[in-house]
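Structure below is entry-v4.cif: mmCIF, C-alpha atoms.
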data_upload
#
loop_
_atom_site.label_atom_id
_atom_site.label_comp_id
_atom_site.auth_asym_id
_atom_site.auth_seq_id
_atom_site.Cartn_x
_atom_site.Cartn_y
_atom_site.Cartn_z
CA MET V 1 -15.94 -9.90 17.84
CA VAL V 2 -13.17 -9.42 20.38
CA VAL V 3 -10.02 -7.83 19.07
CA GLU V 4 -6.82 -8.24 21.07
CA VAL V 5 -4.46 -5.33 21.46
CA GLU V 6 -0.77 -5.69 22.15
CA GLN V 7 0.14 -3.91 25.37
CA ARG V 8 3.57 -2.52 24.53
CA VAL V 9 4.82 0.98 25.16
CA PHE V 10 7.45 2.44 22.84
CA PRO V 11 9.60 5.36 23.93
CA LEU V 12 8.96 7.18 20.64
CA ALA V 13 5.33 7.70 21.64
CA ALA V 14 5.69 8.78 25.23
CA VAL V 15 3.82 11.98 26.09
CA GLY V 16 6.19 13.60 28.53
CA PRO V 17 6.54 16.95 30.30
CA LYS V 18 8.48 18.37 27.33
CA GLN V 19 5.41 18.03 25.12
CA ASP V 20 2.85 18.90 27.80
CA SER V 21 4.46 22.21 28.72
CA ILE V 22 4.60 23.61 25.20
CA THR V 23 2.13 22.22 22.69
CA GLN V 24 0.15 19.63 24.62
CA ALA V 25 -1.42 21.81 27.31
CA HIS V 26 -4.75 21.36 25.50
CA VAL V 27 -4.83 17.54 25.75
CA GLY V 28 -8.14 16.10 26.93
CA LYS V 29 -10.08 19.37 27.30
CA GLY V 30 -12.47 19.34 24.34
CA GLU V 31 -15.92 17.82 23.76
CA TRP V 32 -16.68 15.33 21.00
CA TYR V 33 -18.49 17.98 18.94
CA HIS V 34 -15.38 20.17 19.12
CA ALA V 35 -13.55 17.32 17.39
CA GLY V 36 -16.38 17.10 14.88
CA TYR V 37 -16.03 20.67 13.71
CA HIS V 38 -12.23 20.58 13.91
CA LEU V 39 -12.38 17.66 11.45
CA ALA V 40 -15.08 19.25 9.31
CA THR V 41 -12.94 22.38 9.09
CA THR V 42 -9.80 20.49 8.06
CA ILE V 43 -11.55 18.32 5.45
CA ALA V 44 -14.43 20.29 3.94
CA THR V 45 -12.76 23.40 2.59
CA PRO V 46 -13.91 25.41 -0.44
CA ALA V 47 -10.75 24.11 -2.13
CA ALA V 48 -12.22 20.63 -1.60
CA TYR V 49 -15.85 21.47 -2.45
CA ALA V 50 -15.37 23.68 -5.47
CA PRO V 51 -13.37 21.26 -7.70
CA LEU V 52 -15.75 18.32 -7.14
CA PRO V 53 -18.08 19.19 -10.06
CA TRP V 54 -14.97 19.40 -12.26
CA ALA V 55 -13.78 16.00 -10.98
CA PHE V 56 -17.20 14.52 -11.79
CA ALA V 57 -16.98 16.07 -15.28
CA MET V 58 -13.57 14.45 -15.87
CA LEU V 59 -14.88 11.03 -14.74
CA THR V 60 -18.48 11.39 -16.09
CA TRP V 61 -21.55 10.56 -13.99
CA PRO V 62 -20.86 6.87 -13.27
CA GLY V 63 -17.14 7.29 -12.61
CA GLY V 64 -17.57 10.40 -10.49
CA ILE V 65 -20.27 8.94 -8.26
CA ILE V 66 -18.45 5.62 -7.83
CA ALA V 67 -15.12 7.31 -6.99
CA PHE V 68 -16.85 9.65 -4.56
CA VAL V 69 -18.83 6.96 -2.72
CA ILE V 70 -15.74 4.76 -2.40
CA GLY V 71 -13.77 7.75 -1.11
CA VAL V 72 -16.40 8.51 1.56
CA VAL V 73 -16.66 4.92 2.77
CA ILE V 74 -12.94 4.21 2.85
CA THR V 75 -11.86 7.44 4.56
CA TRP V 76 -14.67 7.19 7.13
CA TYR V 77 -13.64 3.59 7.82
CA ASN V 78 -9.96 4.50 8.01
CA SER V 79 -10.67 7.41 10.35
CA LEU V 80 -12.44 5.05 12.76
CA LEU V 81 -9.51 2.61 12.56
CA LEU V 82 -7.06 5.40 13.35
CA ALA V 83 -9.20 6.67 16.22
CA SER V 84 -9.29 3.18 17.72
CA LEU V 85 -5.47 3.21 18.04
CA HIS V 86 -5.21 6.48 19.96
CA GLU V 87 -4.36 4.76 23.25
CA TYR V 88 -2.29 1.97 21.76
CA GLY V 89 0.02 0.35 24.30
CA GLY V 90 -1.61 2.22 27.18
CA THR V 91 -0.23 5.59 26.05
CA ARG V 92 -2.24 8.45 24.63
CA HIS V 93 -0.62 9.25 21.27
CA THR V 94 -1.29 12.91 20.58
CA ARG V 95 0.45 13.10 17.20
CA TYR V 96 0.09 11.04 14.04
CA LYS V 97 3.86 10.58 13.80
CA ASP V 98 4.12 9.33 17.40
CA LEU V 99 1.36 6.79 16.83
CA ALA V 100 3.01 5.53 13.65
CA GLY V 101 6.38 5.38 15.40
CA ALA V 102 4.97 3.39 18.30
CA ILE V 103 3.43 0.77 16.02
CA LEU V 104 5.81 0.60 13.04
CA GLY V 105 9.05 1.90 14.54
CA ARG V 106 11.30 4.61 13.18
CA TRP V 107 10.39 4.08 9.51
CA GLY V 108 6.74 4.61 10.43
CA LEU V 109 7.57 7.82 12.27
CA CYS V 110 9.81 9.19 9.50
CA SER V 111 7.44 8.33 6.65
CA THR V 112 4.50 9.89 8.52
CA VAL V 113 6.46 13.09 9.16
CA PHE V 114 7.36 13.28 5.46
CA PHE V 115 3.83 12.74 4.12
CA GLN V 116 2.26 14.91 6.81
CA GLN V 117 4.54 17.81 5.95
CA VAL V 118 3.93 17.33 2.20
CA ALA V 119 0.17 17.29 2.76
CA SER V 120 0.11 20.17 5.23
CA LEU V 121 2.37 22.47 3.23
CA GLY V 122 0.73 21.50 -0.06
CA ASN V 123 -2.75 22.01 1.35
CA ASN V 124 -1.90 25.46 2.64
CA ILE V 125 -0.30 26.50 -0.65
CA THR V 126 -3.46 25.39 -2.42
CA ILE V 127 -5.97 27.07 -0.14
CA GLN V 128 -3.94 30.29 0.11
CA ILE V 129 -4.12 30.51 -3.68
CA VAL V 130 -7.88 29.93 -3.46
CA ALA V 131 -8.27 32.62 -0.79
CA GLY V 132 -6.24 35.10 -2.82
CA GLN V 133 -8.29 34.39 -5.95
CA ALA V 134 -11.55 34.74 -4.00
CA ILE V 135 -10.57 38.11 -2.52
CA LYS V 136 -9.35 39.32 -5.92
CA ALA V 137 -12.65 38.28 -7.55
CA ILE V 138 -14.59 40.32 -4.98
CA TYR V 139 -12.27 43.29 -5.52
CA LYS V 140 -12.61 43.16 -9.32
CA ALA V 141 -16.39 42.87 -9.10
CA TYR V 142 -16.64 46.20 -7.28
CA VAL V 143 -13.44 47.94 -8.47
CA PRO V 144 -13.12 46.72 -12.08
CA ALA V 145 -10.38 49.22 -12.94
CA GLY V 146 -8.38 48.48 -9.79
CA SER V 147 -4.65 47.87 -10.13
CA MET V 148 -4.19 45.30 -7.34
CA THR V 149 -3.09 41.85 -8.54
CA LEU V 150 -3.59 38.32 -7.24
CA GLN V 151 -0.22 38.50 -5.49
CA HIS V 152 -1.38 41.46 -3.37
CA PHE V 153 -4.33 39.49 -2.05
CA ILE V 154 -2.25 36.38 -1.39
CA VAL V 155 0.08 38.54 0.73
CA ILE V 156 -2.86 40.12 2.60
CA PHE V 157 -4.25 36.69 3.43
CA GLY V 158 -0.79 35.55 4.56
CA ALA V 159 -0.52 38.52 6.93
CA ALA V 160 -3.87 37.63 8.51
CA GLN V 161 -2.73 34.04 8.96
CA LEU V 162 0.47 35.22 10.63
CA LEU V 163 -1.60 36.93 13.31
CA LEU V 164 -3.76 33.82 13.89
CA SER V 165 -0.62 31.68 14.05
CA GLN V 166 0.27 33.23 17.39
CA LEU V 167 -2.48 31.16 19.05
CA PRO V 168 -0.58 28.32 20.75
CA ASN V 169 -2.49 25.13 19.83
CA ILE V 170 -5.43 23.51 18.05
CA HIS V 171 -7.77 23.76 21.04
CA SER V 172 -7.30 27.54 21.07
CA LEU V 173 -8.73 27.58 17.53
CA ARG V 174 -12.10 26.07 18.53
CA GLY V 175 -14.02 29.37 18.16
CA LEU V 176 -12.51 30.04 14.73
CA ASN V 177 -13.20 26.47 13.62
CA MET V 178 -16.82 26.64 14.75
CA ALA V 179 -17.23 29.75 12.59
CA SER V 180 -15.43 27.93 9.76
CA THR V 181 -17.79 24.96 9.99
CA ILE V 182 -20.82 27.26 9.85
CA ALA V 183 -19.26 29.02 6.84
CA THR V 184 -18.74 25.60 5.21
CA LEU V 185 -22.42 24.69 5.53
CA CYS V 186 -23.53 28.09 4.28
CA PHE V 187 -21.08 27.94 1.33
CA ALA V 188 -22.31 24.50 0.28
CA THR V 189 -25.97 25.50 0.62
CA LEU V 190 -25.51 28.71 -1.34
CA VAL V 191 -23.49 27.14 -4.17
CA THR V 192 -25.97 24.26 -4.45
CA ALA V 193 -28.95 26.64 -4.63
CA MET V 194 -27.24 28.89 -7.19
CA SER V 195 -26.27 25.91 -9.36
CA ILE V 196 -29.86 24.66 -9.38
CA ILE V 197 -31.30 28.10 -10.20
CA THR V 198 -28.71 28.68 -12.93
CA GLY V 199 -29.18 25.21 -14.40
CA ARG V 200 -32.96 25.54 -14.56
CA GLY V 201 -32.65 28.83 -16.42
CA MET V 202 -30.21 27.54 -19.05
CA ASP V 203 -30.77 25.97 -22.45
CA ARG V 204 -30.15 22.35 -21.43
CA THR V 205 -29.78 21.15 -25.02
CA SER V 206 -26.46 22.99 -25.37
CA LEU V 207 -24.80 21.20 -22.43
CA CYS V 208 -22.29 18.41 -22.94
CA TYR V 209 -21.66 15.66 -20.39
CA GLY V 210 -19.20 13.77 -22.57
CA LEU V 211 -15.42 13.96 -22.64
CA GLY V 212 -13.05 15.85 -24.93
CA SER V 213 -11.50 14.52 -28.13
CA ASP V 214 -7.86 14.61 -26.98
CA GLU V 215 -7.41 11.11 -25.56
CA ARG V 216 -4.21 11.92 -23.67
CA ALA V 217 -5.73 14.99 -22.04
CA VAL V 218 -8.87 13.03 -21.15
CA LEU V 219 -6.81 10.28 -19.52
CA MET V 220 -4.60 12.71 -17.58
CA SER V 221 -7.68 14.66 -16.50
CA ALA V 222 -9.23 11.46 -15.14
CA PHE V 223 -6.03 10.71 -13.20
CA ALA V 224 -5.99 14.28 -11.84
CA ALA V 225 -9.67 13.94 -10.89
CA LEU V 226 -8.81 10.93 -8.71
CA GLY V 227 -6.22 13.05 -6.93
CA THR V 228 -8.78 15.84 -6.56
CA ILE V 229 -11.28 13.49 -4.90
CA ALA V 230 -8.54 12.22 -2.58
CA PHE V 231 -7.79 15.86 -1.69
CA SER V 232 -11.45 16.43 -0.83
CA PHE V 233 -11.18 13.87 1.99
CA GLY V 234 -7.75 15.02 3.14
CA ASP V 235 -7.15 14.90 6.88
CA THR V 236 -3.61 14.45 8.16
CA VAL V 237 -4.18 15.55 11.76
CA LEU V 238 -6.82 13.18 13.18
CA PRO V 239 -4.65 12.04 16.15
CA GLU V 240 -3.79 15.68 16.88
CA VAL V 241 -7.51 16.52 16.91
CA GLN V 242 -8.30 13.44 19.01
CA ALA V 243 -5.73 14.66 21.56
CA THR V 244 -8.06 17.58 22.35
CA VAL V 245 -10.98 15.30 23.27
CA LYS V 246 -11.98 14.37 26.81
CA ALA V 247 -11.99 10.76 27.98
CA PRO V 248 -13.19 8.31 26.84
CA SER V 249 -11.25 9.55 23.83
CA GLN V 250 -12.04 6.62 21.54
CA ARG V 251 -15.82 6.73 21.97
CA ASN V 252 -15.92 10.52 21.77
CA MET V 253 -13.78 10.54 18.65
CA TYR V 254 -16.06 8.01 16.96
CA LYS V 255 -18.92 10.46 17.49
CA GLY V 256 -16.82 13.39 16.29
CA VAL V 257 -15.73 11.53 13.14
CA SER V 258 -19.31 10.50 12.37
CA LEU V 259 -20.56 14.06 12.84
CA ALA V 260 -17.90 15.41 10.50
CA TYR V 261 -18.46 12.79 7.80
CA GLY V 262 -22.23 13.16 7.98
CA VAL V 263 -21.90 16.87 7.22
CA ILE V 264 -19.22 16.29 4.60
CA THR V 265 -21.05 13.57 2.67
CA ILE V 266 -24.32 15.45 2.34
CA THR V 267 -22.79 18.78 1.38
CA TYR V 268 -20.14 17.34 -0.94
CA LEU V 269 -22.70 15.40 -2.92
CA ALA V 270 -25.00 18.40 -3.16
CA VAL V 271 -22.27 20.66 -4.57
CA ALA V 272 -20.76 18.01 -6.88
CA ILE V 273 -24.02 16.79 -8.41
CA THR V 274 -25.72 20.17 -8.86
CA GLY V 275 -22.56 21.84 -10.17
CA TYR V 276 -21.92 19.15 -12.78
CA TRP V 277 -25.62 18.97 -13.68
CA ALA V 278 -25.82 22.74 -14.18
CA PHE V 279 -22.67 23.27 -16.27
CA GLY V 280 -21.67 19.88 -17.66
CA TYR V 281 -18.16 19.29 -19.00
CA ALA V 282 -17.54 23.05 -19.20
CA VAL V 283 -17.73 23.56 -15.41
CA ASN V 284 -14.92 25.69 -13.99
CA PRO V 285 -12.43 23.88 -11.70
CA PHE V 286 -13.59 26.34 -9.00
CA VAL V 287 -17.33 26.04 -9.50
CA VAL V 288 -18.16 29.48 -8.05
CA TYR V 289 -16.56 31.06 -11.13
CA SER V 290 -19.11 29.26 -13.32
CA LEU V 291 -22.00 30.99 -11.53
CA PRO V 292 -23.29 34.03 -13.49
CA GLY V 293 -24.80 35.82 -10.49
CA PRO V 294 -26.44 37.68 -8.90
CA GLN V 295 -23.24 39.41 -7.85
CA TRP V 296 -24.20 39.71 -4.17
CA ALA V 297 -24.64 35.93 -3.98
CA VAL V 298 -21.30 35.23 -5.70
CA THR V 299 -19.61 37.71 -3.36
CA LEU V 300 -21.20 36.05 -0.33
CA ALA V 301 -20.03 32.61 -1.51
CA LEU V 302 -16.49 33.90 -1.93
CA LEU V 303 -16.51 35.56 1.51
CA LEU V 304 -17.73 32.33 3.10
CA ALA V 305 -14.90 30.51 1.31
CA VAL V 306 -12.32 32.88 2.78
CA VAL V 307 -13.75 32.52 6.31
CA GLN V 308 -13.65 28.74 6.08
CA ILE V 309 -10.11 28.74 4.71
CA MET V 310 -8.95 30.87 7.66
CA GLY V 311 -9.68 28.01 10.06
CA CYS V 312 -8.50 25.18 7.84
CA TYR V 313 -5.20 26.89 7.14
CA GLN V 314 -4.44 27.16 10.84
CA ILE V 315 -5.10 23.47 11.51
CA TYR V 316 -2.65 22.46 8.80
CA THR V 317 0.10 24.80 9.98
CA ARG V 318 0.29 23.07 13.34
CA PRO V 319 2.32 19.94 12.46
CA THR V 320 5.03 22.10 10.90
CA TYR V 321 5.02 24.69 13.68
CA GLU V 322 5.21 22.03 16.35
CA CYS V 323 8.17 20.18 14.82
CA ILE V 324 10.29 23.35 14.97
CA GLU V 325 8.82 24.80 18.16
CA LEU V 326 9.76 21.73 20.18
CA LEU V 327 13.39 22.27 19.18
CA LEU V 328 13.55 25.99 20.00
CA ALA V 329 11.14 26.44 22.90
CA ARG V 330 11.99 26.55 26.57
CA HIS V 331 10.14 23.57 27.97
CA ASP V 332 10.15 24.74 31.58
CA GLU V 333 8.10 27.79 30.60
CA GLY V 334 4.52 28.11 29.45
CA PRO V 335 3.51 28.40 25.76
CA MET V 336 2.85 32.14 26.10
CA SER V 337 6.04 33.06 27.97
CA PRO V 338 8.06 35.90 26.35
CA TRP V 339 10.72 33.52 24.99
CA ASN V 340 8.29 30.93 23.62
CA ALA V 341 5.99 33.59 22.20
CA SER V 342 8.93 35.26 20.42
CA MET V 343 10.10 31.89 19.05
CA ARG V 344 6.58 31.23 17.78
CA LEU V 345 6.56 34.60 16.05
CA LEU V 346 9.90 33.82 14.39
CA ILE V 347 8.85 30.32 13.28
CA THR V 348 5.47 31.41 11.95
CA SER V 349 6.95 34.43 10.15
CA VAL V 350 9.44 32.27 8.26
CA TYR V 351 6.71 29.72 7.43
CA MET V 352 4.33 32.38 6.11
CA LEU V 353 7.10 34.04 4.09
CA VAL V 354 8.01 30.76 2.35
CA VAL V 355 4.45 29.60 1.66
CA THR V 356 3.25 33.03 0.53
CA THR V 357 6.19 33.38 -1.86
CA ILE V 358 5.45 29.98 -3.44
CA CYS V 359 1.76 30.90 -3.82
CA CYS V 360 2.64 34.16 -5.54
CA MET V 361 5.09 32.46 -7.91
CA ILE V 362 2.96 29.55 -9.19
CA PRO V 363 -0.77 30.14 -8.53
CA PHE V 364 -2.05 27.04 -10.41
CA PHE V 365 -4.89 26.02 -8.09
CA ILE V 366 -6.37 22.84 -9.58
CA ASP V 367 -2.96 21.29 -10.33
CA PHE V 368 -1.91 21.57 -6.68
CA VAL V 369 -5.24 20.11 -5.53
CA ALA V 370 -4.60 16.94 -7.52
CA LEU V 371 -0.91 16.71 -6.54
CA VAL V 372 -1.47 17.21 -2.81
CA GLY V 373 -4.37 14.76 -2.83
CA ALA V 374 -2.32 12.09 -4.55
CA LEU V 375 1.06 12.57 -2.89
CA GLY V 376 0.10 13.74 0.59
CA PHE V 377 -3.43 12.76 1.53
CA THR V 378 -3.65 9.37 -0.19
CA PRO V 379 -0.85 7.76 1.90
CA LEU V 380 -2.07 9.24 5.20
CA ASP V 381 -5.82 8.81 4.75
CA PHE V 382 -6.19 5.72 2.56
CA ILE V 383 -3.06 3.59 3.13
CA LEU V 384 -1.30 4.17 6.45
CA PRO V 385 -4.36 3.73 8.75
CA VAL V 386 -4.97 0.17 7.56
CA LEU V 387 -1.25 -0.67 7.79
CA LEU V 388 -1.15 0.63 11.37
CA PHE V 389 -4.29 -1.26 12.31
CA MET V 390 -3.00 -4.55 10.88
CA ALA V 391 0.32 -4.11 12.70
CA ALA V 392 -1.31 -3.18 16.02
CA ARG V 393 -4.17 -5.66 16.24
CA LYS V 394 -4.82 -9.33 15.66
CA THR V 395 -7.71 -9.64 13.24
CA PRO V 396 -9.30 -12.46 11.20
CA LEU V 397 -7.73 -13.34 7.86
CA TRP V 398 -10.66 -12.02 5.82
CA TRP V 399 -10.35 -8.62 7.49
CA ARG V 400 -6.61 -8.50 6.85
CA LEU V 401 -7.16 -9.35 3.18
CA ILE V 402 -9.66 -6.52 2.82
CA ASN V 403 -7.23 -4.08 4.43
CA CYS V 404 -4.38 -5.27 2.19
CA PHE V 405 -6.55 -4.80 -0.88
CA LEU V 406 -7.48 -1.24 0.18
CA ALA V 407 -3.84 -0.30 0.77
CA ALA V 408 -2.76 -1.74 -2.60
CA ALA V 409 -5.66 -0.20 -4.54
CA TYR V 410 -5.07 3.29 -3.18
CA THR V 411 -1.35 3.03 -3.77
CA VAL V 412 -2.25 2.71 -7.46
CA VAL V 413 -4.70 5.62 -7.17
CA GLY V 414 -2.00 7.78 -5.59
CA VAL V 415 0.46 7.01 -8.38
CA LEU V 416 -2.12 7.76 -11.09
CA GLY V 417 -3.12 10.99 -9.37
CA CYS V 418 0.53 12.13 -9.27
CA VAL V 419 0.94 11.35 -12.97
CA GLY V 420 -2.10 13.44 -13.89
CA ALA V 421 -1.13 16.33 -11.61
CA PHE V 422 2.46 16.53 -12.89
CA TYR V 423 1.22 16.40 -16.48
CA PHE V 424 -0.87 19.54 -16.00
CA ILE V 425 1.70 21.35 -13.84
CA ILE V 426 4.29 20.91 -16.60
CA ASP V 427 1.75 21.91 -19.25
CA HIS V 428 0.70 25.05 -17.37
CA ALA V 429 4.31 25.95 -16.59
CA ARG V 430 4.82 26.28 -20.36
CA THR V 431 1.74 28.48 -20.66
CA TYR V 432 2.13 30.82 -17.69
CA LYS V 433 5.10 32.74 -16.38
CA LEU V 434 6.16 33.07 -12.74
CA PHE V 435 4.05 35.47 -10.65
CA ALA V 436 1.24 35.30 -13.22
CA ASP V 437 -1.80 37.39 -12.28
CA LEU V 438 -4.37 34.67 -12.91
#
Here is the file; what I need is its structure written in the form of structure tokens.
Amino acid sequence: MVVEVEQRVFPLAAVGPKQDSITQAHVGKGEWYHAGYHLATTIATPAAYAPLPWAFAMLTWPGGIIAFVIGVVITWYNSLLLASLHEYGGTRHTRYKDLAGAILGRWGLCSTVFFQQVASLGNNITIQIVAGQAIKAIYKAYVPAGSMTLQHFIVIFGAAQLLLSQLPNIHSLRGLNMASTIATLCFATLVTAMSIITGRGMDRTSLCYGLGSDERAVLMSAFAALGTIAFSFGDTVLPEVQATVKAPSQRNMYKGVSLAYGVITITYLAVAITGYWAFGYAVNPFVVYSLPGPQWAVTLALLLAVVQIMGCYQIYTRPTYECIELLLARHDEGPMSPWNASMRLLITSVYMLVVTTICCMIPFFIDFVALVGALGFTPLDFILPVLLFMAARKTPLWWRLINCFLAAAYTVVGVLGCVGAFYFIIDHARTYKLFADL
């Protein structure tokens, strides 16, 4: 099948010296496997892995598996569609917002900026809470009488991220993200093995795979589970990652996407199925906390989670940093010049202060997972790619109908996910006070 591409260049998408001198110095330098582990790092976080058994429990076996398989297929497909548009109009679009602006105009640019910021900020709030809880769990295991609270560990993690934020771009994170990808594989393997061992040693007759008796809570939990699964495939920076890849960028990105999704699919399924099988409906929203031990293995799983989150967090800070940095930086100087380095320190310090304060105030992990998945990742990963592709390319009617159906279906999923997430956020806000040491 031959697909025609409109050859139009829009000024909103131009990659000019202003961008190249500050944040785009890394364009076209990376290999396809660099893109693969950048993507694996952004998508497959412990905050995405660990709630999957809980999501399966809220949807039961058939619903969980169906929702998961559909999520894999659709996001993989949409990622390939988005990668195919990277050089739309003969210009290399190095940001998601620029690509959307080139194809859909200003409303496309503005809506992408909004959802990308919601997803990026929401994701980092969520995973900073996870990192703080993981470090606190390690601390309490070895210093049970210790006085440090969750908020202390959230602040410590934030300080570490502030240091890493001084690296100028995504390509400079490739070493960290390779370590994060290795940590992801080790985390998934360890949690899967521990779930199997624990499950085999339990009295299986006492496990329940059914749902609760409160119909409203069951329904809201199912809605939240859809948002949680959407979160697990969250990736709002594919064009930014593709910008790091050498030519031919489209072919190399296809290989990078396929590498990432191959790793993600296998490891996600292993964690989700074994975690739900081992603990049933009672599985903790962060499955590691359901594991009884041995303590060294639980500690190792939590340490691997923190390492992986270090890389993921940095990827998701970049859209926010870049929006402000382009306004304040001196574009005739390099990214590490004294002025630009000092501006980066100021921007990243304010960002970390705001995000860390929010994390300390309302550390409700699973509620944010569902909300960010529904409100941030669903539009950018499930809806916008097909809209961009239909606007940019002439395709047969049957293909357009399929794409329209996908966009409409996941609009409904996003709305339902938001409903479920808000229900539990409001419910937990009544239960817990601000700065709760959970």
- With only C-alpha atoms as the atoms that count, which of V:Ala374, V:Val355, V:Val143, V:Ala436 lies nearest to Val155 in chain V? V:Val355
- For Tyr276 in chain V, which of V:Thr357, V:Ser349, V:Thr320, V:Ser290 is the closest residue, counting all atoms listed in the file?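 Of the candidates, the smallest distance to Tyr276 in chain V is held by V:Ser290.
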- Take the PyMOL selection byres ((chain V and resi 184) around 8), apply it to the structure above, and return the hits as an NGL selection string. :V and (41 or 44-46 or 180-183 or 185-188 or 304-305 or 308)
Please provide as a PDB file with C-alpha atoms, keeping the file's coordinate frame all residues within 9 Å of range 240-244 of chain V, with the sequence filter that same-chain residues fewer than 5 positions apart are discarded (counting only C-alpha atoms).
ATOM      1  CA  GLN V  24       0.150  19.630  24.620  1.00  0.00           C
ATOM      2  CA  HIS V  26      -4.750  21.360  25.500  1.00  0.00           C
ATOM      3  CA  VAL V  27      -4.830  17.540  25.750  1.00  0.00           C
ATOM      4  CA  GLY V  28      -8.140  16.100  26.930  1.00  0.00           C
ATOM      5  CA  LYS V  29     -10.080  19.370  27.300  1.00  0.00           C
ATOM      6  CA  GLY V  30     -12.470  19.340  24.340  1.00  0.00           C
ATOM      7  CA  GLU V  31     -15.920  17.820  23.760  1.00  0.00           C
ATOM      8  CA  TRP V  32     -16.680  15.330  21.000  1.00  0.00           C
ATOM      9  CA  HIS V  34     -15.380  20.170  19.120  1.00  0.00           C
ATOM     10  CA  ALA V  35     -13.550  17.320  17.390  1.00  0.00           C
ATOM     11  CA  HIS V  38     -12.230  20.580  13.910  1.00  0.00           C
ATOM     12  CA  LEU V  39     -12.380  17.660  11.450  1.00  0.00           C
ATOM     13  CA  ALA V  83      -9.200   6.670  16.220  1.00  0.00           C
ATOM     14  CA  HIS V  86      -5.210   6.480  19.960  1.00  0.00           C
ATOM     15  CA  ARG V  92      -2.240   8.450  24.630  1.00  0.00           C
ATOM     16  CA  HIS V  93      -0.620   9.250  21.270  1.00  0.00           C
ATOM     17  CA  THR V  94      -1.290  12.910  20.580  1.00  0.00           C
ATOM     18  CA  ARG V  95       0.450  13.100  17.200  1.00  0.00           C
ATOM     19  CA  TYR V  96       0.090  11.040  14.040  1.00  0.00           C
ATOM     20  CA  ILE V 170      -5.430  23.510  18.050  1.00  0.00           C
ATOM     21  CA  HIS V 171      -7.770  23.760  21.040  1.00  0.00           C
ATOM     22  CA  SER V 249     -11.250   9.550  23.830  1.00  0.00           C
ATOM     23  CA  GLN V 250     -12.040   6.620  21.540  1.00  0.00           C
ATOM     24  CA  ASN V 252     -15.920  10.520  21.770  1.00  0.00           C
ATOM     25  CA  MET V 253     -13.780  10.540  18.650  1.00  0.00           C
ATOM     26  CA  GLY V 256     -16.820  13.390  16.290  1.00  0.00           C
ATOM     27  CA  PRO V 319       2.320  19.940  12.460  1.00  0.00           C
TER      28      PRO V 319
END
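Considering only C-alpha atoms, the residue among V:Tyr33, V:Tyr423, V:Tyr254, V:Trp296 positioned nearest to Tyr142 in chain V is V:Trp296.
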Any chance you could work out the residue set of the PyMOL selection byres ((chain V and resi 47) around 9) here, as a PDB file with C-alpha atoms, keeping the file's coordinate frame?
ATOM      1  CA  ALA V  44     -14.430  20.290   3.940  1.00  0.00           C
ATOM      2  CA  THR V  45     -12.760  23.400   2.590  1.00  0.00           C
ATOM      3  CA  PRO V  46     -13.910  25.410  -0.440  1.00  0.00           C
ATOM      4  CA  ALA V  48     -12.220  20.630  -1.600  1.00  0.00           C
ATOM      5  CA  TYR V  49     -15.850  21.470  -2.450  1.00  0.00           C
ATOM      6  CA  ALA V  50     -15.370  23.680  -5.470  1.00  0.00           C
ATOM      7  CA  PRO V  51     -13.370  21.260  -7.700  1.00  0.00           C
ATOM      8  CA  ASN V 123      -2.750  22.010   1.350  1.00  0.00           C
ATOM      9  CA  THR V 126      -3.460  25.390  -2.420  1.00  0.00           C
ATOM     10  CA  ILE V 127      -5.970  27.070  -0.140  1.00  0.00           C
ATOM     11  CA  VAL V 130      -7.880  29.930  -3.460  1.00  0.00           C
ATOM     12  CA  ALA V 131      -8.270  32.620  -0.790  1.00  0.00           C
ATOM     13  CA  PHE V 231      -7.790  15.860  -1.690  1.00  0.00           C
ATOM     14  CA  SER V 232     -11.450  16.430  -0.830  1.00  0.00           C
ATOM     15  CA  PHE V 286     -13.590  26.340  -9.000  1.00  0.00           C
ATOM     16  CA  ALA V 305     -14.900  30.510   1.310  1.00  0.00           C
ATOM     17  CA  ILE V 309     -10.110  28.740   4.710  1.00  0.00           C
ATOM     18  CA  PHE V 365      -4.890  26.020  -8.090  1.00  0.00           C
ATOM     19  CA  ILE V 366      -6.370  22.840  -9.580  1.00  0.00           C
ATOM     20  CA  VAL V 369      -5.240  20.110  -5.530  1.00  0.00           C
TER      21      VAL V 369
END
- Can you tell me, as a list in words, which residues sit within 10 Å of (0.1, 24.2, 11.6) in the file's frame, using all atoms listed in the file? Gln117, Ser120, Leu121, Asn124, Ser165, Asn169, Ile170, Val237, Cys312, Tyr313, Gln314, Ile315, Tyr316, Thr317, Arg318, Pro319, Thr320, Tyr321, Glu322, Cys323, Thr348 and Tyr351 of chain V
- Message: For a cutoff of 9 Å around the file-coordinate point (-16.6, 9.6, -6.4), which residues qualify once you count only C-alpha atoms? I'd like the result as a list in words.
- Response: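 The residues near that point, listed by chain and number, are Leu52, Ala55, Phe56, Leu59, Pro62, Gly63, Gly64, Ile65, Ile66, Ala67, Phe68, Val69, Ile70, Gly71, Val72, Leu226 and Ile229 of chain V.
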- By how many Å are CA of Ala145 in chain V and CA of Tyr289 in chain V apart?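 Separation of CA of Ala145 in chain V and CA of Tyr289 in chain V: 19.3 Å.
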- Task: Step by step, work through what the PyMOL selection byres ((chain V and resi 437) around 6) selects in the shown file, and finish by giving those residues as a count of residues only.
- Result: 4
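Interatomic distance, CA of Ala224 in chain V to CA of Gly420 in chain V: 4.5 Å.
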- Query: What's the 12 Å shell around Ala408 in chain V, counting all atoms listed in the file, without same-chain residues fewer than 6 positions away, as a ChimeraX atom specification?
  - Reply: /V:378-379,382-384,386-387,401-402,414-415
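Restricting the calculation to all atoms listed in the file, the smallest distance between Tyr88 in chain V and any of V:Cys110, V:Val413, V:Ile103, V:Leu327 is found for V:Ile103.
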